[in-house]
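Q: Pasting a structure here, questions to come.
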Amino acid sequence: MGNSVSKKIGITGQAGFVGTHLYNYLALQEGVDLVPFADDYFDDDNKLREFVRSCDVIVHLAAMNRHEDPQVIYDTNIGLTNKLIATLESEKATPHILFSSSIQESKDSVYGKSKLEGRKLFEDWATKVGARFSGLVIPNVYGPFGRPYYNSFISTFCHQLTHEENPQIQVDGLVNLIYVGSLVKFIFDVIAKDADSSIEREEVSYDFEKKVSEILSFFELCKELYFEKGIIPPLKDMNEINLFNTFRSYIDNAKHFPVKLLQHTDERGAFIETIKLGVGGQVSFSTTVPGITRGNHYHIRKIERFTVIKGKARIQLRKIGTDEVLNFELDGANPSYVDMPIWYTHNITNVGEDVLYTQFWINEWYNAEDGDTYFEKV
């Protein structure tokens with residue numbers, strides 16, 4: 001991805017929505033040594049002490065977003081901040097701290113108050129010990145694998161539309177949004193900047209702004225065209241690609257794929273429509289001899305479809321960071337396809353006795369300098 005640092009980086013809240021994406025992104029960067037963190041470290045002084053001693057950089061993401069009792073949100077978030085600062089002080093550790101605050105700092109909410117006060121506590125600590133601190137004021141974040149009814153209204157909409165539920169708009173306001181992929185790149189760029197002991201408040205720019213109703217209309221189009229008919233919808237820019245990939249991440253892949261195609265046959269042979277596109281891209285065709293596997297890689301932005309038109313294939317998917325493998329059996333006698341979700345490593349194997357014919361479509365031309373292809377066995 002073009003950047004290289006030599007630092008030991010830990011992430012509190014590593015298992016959360018942003019934490020998982022940041023961890024996976026940092027794992028692709030040269031020179032980064034990731035220091036593992038688990039949520040129970042805050043309840044184990046020895047583990048937390050060892051964690052802060054091991055890090056050159058700590059990204060403090062651990063926080064509570066929602067609870068029926070607002071006071072619990074405030075107490076939890078301030079408590080986590082104070083616990084981390086106390087441990088840093090006891091170990092005389094001065095790593096670069098990055099703190100995920102929120103644009104809700106300026107709003108009258110308990111969550112926003114906890115973020116503003118948390119950032120001030122870290123500023124006071126950094127001033128006292130001469131450490132570097134970056135307070136990141138972050139807009140509304142969305143992206144794949146967020147928790148519905150918790151992380152974002154976008155997570156909720158996508159889950160509802162792919163699980164036979166009907167989304168409802170509570171307030172149709174104009175919302176500033178940043179894709180989680182844009183956010184983790186921003187965080188890494190802050191880490192990579194040369195600085196010794198500075199205290200900074202970083203306003204994280206949003207990718208775009210839209211009304212809630214406009215976003216819901218886009219997702220309803222994704223449901224109608226893609227989820228129900230297999231058509232790739234028109235995607236006019238990278239923001240819409242990111243929204244579409246977010247929508248796709250809420251589909252139950254094990255139930256949805258493979259999708260069978262309509263085959264028209266007569267005395268001349270057969271005719272099958274393999275893909276209908278509202279976007280461009282690149283179509284490829286391959287033959288694979290029996291027993292051979294192609295792939296074992298994943299993408300973090302590309303949309304890709306494998307269509308088996310002759311022979312027998314097994315397509316496998318595994319989400320990065322998990323162990324569950326999805327297996328799909330496809331047979332060219334009944335042509336069908338599987339789409340590759342982002343952040344899922346995937347492969348295709350000829351499991352038949354004849355040559356396998358496969359058509360591949362991907363939504364952008366291949367660029368060797370920016371291939372968006374990361375190798376990892378399923």
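We name chains A, B, ... following the order of the structure tokens; residues begin at 1 in each chain, and ligands are numbered from 1 as shown.
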Could you list, as an NGL selection string, every residue within 10 Å of segment 112-128 of chain A, counting only C-alpha atoms and ignoring same-chain residues fewer than 5 positions away?

A: :A and (63-65 or 71 or 73-82 or 84-86 or 88-89 or 94-107 or 133-137 or 197-201)

Q: Enter the distance from atom CA of Tyr150 of chain A to atom CA of Ala62 of chain A, in Å, rounded to one decimal.

A: 14.4 Å

Q: Check segment 179-310 of chain A with DSSP on the backbone and list each residue it calls helix (DSSP H, G or I), as a PyMOL selection string.

A: chain A and resi 180-192+212-229+238-248+253-256

Q: Any idea what's packed within 10 Å of Val171 of chain A, counting only C-alpha atoms, ignoring anything in its chain fewer than 6 positions away? Could you give it as a compact mmCIF listing (two decimals) with N, CA and C atoms, in the first residue's frame?

A:
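Saved as result26.txt:
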```
# COMPACT_ATOMS: atom_id res chain seq x y z
N LYS A 211 -28.43 12.97 2.78
CA LYS A 211 -29.56 12.80 3.68
C LYS A 211 -29.78 11.31 3.92
N VAL A 212 -30.31 11.00 5.08
CA VAL A 212 -30.56 9.61 5.44
C VAL A 212 -31.47 8.95 4.39
N SER A 213 -32.46 9.69 3.91
CA SER A 213 -33.39 9.14 2.92
C SER A 213 -32.69 8.82 1.60
```

Q: Atom CA of Ser6 of chain A to atom CA of Tyr41 of chain A: how many Å, to one decimal?

A: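 One can read the atom CA of Ser6 of chain A to atom CA of Tyr41 of chain A distance as 24.7 Å.
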
Q: Which neighbours of Leu48 of chain A fall inside 12 Å, counting only C-alpha atoms, when residues of the same chain fewer than 5 positions from it are skipped, and could you give them as a list in words?

A: Gly10, Ile11, Thr12, Val35, Pro36, Phe37, Ala38, Asp39, Asp40, Tyr41, Phe42, Asp43, Arg53, Ser54, Cys55, Ile58, Leu80, Lys83, Leu84, Ile85, Ala86, Thr87, Leu88, Ser90, Glu91 and Ala93 of chain A

Q: Quick one: write out the picked residues with C-alpha atoms as an mmCIF file, in the first residue's frame?

A:
```
data_model
loop_
_atom_site.group_PDB
_atom_site.id
_atom_site.type_symbol
_atom_site.label_atom_id
_atom_site.label_comp_id
_atom_site.auth_asym_id
_atom_site.auth_seq_id
_atom_site.Cartn_x
_atom_site.Cartn_y
_atom_site.Cartn_z
ATOM 1 C CA GLY A 10 -1.449 -1.687 19.762
ATOM 2 C CA ILE A 11 -5.182 -1.041 19.471
ATOM 3 C CA THR A 12 -7.536 -0.958 22.437
ATOM 4 C CA VAL A 35 0.824 -5.814 19.652
ATOM 5 C CA PRO A 36 -2.303 -7.896 20.377
ATOM 6 C CA PHE A 37 -4.972 -6.535 22.711
ATOM 7 C CA ALA A 38 -8.050 -8.216 24.209
ATOM 8 C CA ASP A 39 -10.925 -6.459 25.965
ATOM 9 C CA ASP A 40 -10.247 -8.256 29.255
ATOM 10 C CA TYR A 41 -6.853 -6.521 29.523
ATOM 11 C CA PHE A 42 -8.670 -3.627 31.222
ATOM 12 C CA ASP A 43 -9.564 -6.060 34.001
ATOM 13 C CA ARG A 53 5.263 -1.349 27.836
ATOM 14 C CA SER A 54 5.284 -3.137 24.478
ATOM 15 C CA CYS A 55 3.845 -0.324 22.342
ATOM 16 C CA ILE A 58 -1.447 2.986 21.110
ATOM 17 C CA LEU A 80 -11.319 3.215 30.323
ATOM 18 C CA LYS A 83 -7.366 3.239 33.538
ATOM 19 C CA LEU A 84 -5.119 3.522 30.490
ATOM 20 C CA ILE A 85 -3.557 6.788 31.679
ATOM 21 C CA ALA A 86 -2.934 5.383 35.180
ATOM 22 C CA THR A 87 -1.196 2.356 33.668
ATOM 23 C CA LEU A 88 0.943 4.541 31.401
ATOM 24 C CA SER A 90 2.768 3.601 36.589
ATOM 25 C CA GLU A 91 4.958 2.105 33.842
ATOM 26 C CA ALA A 93 5.530 4.634 29.352
#
```
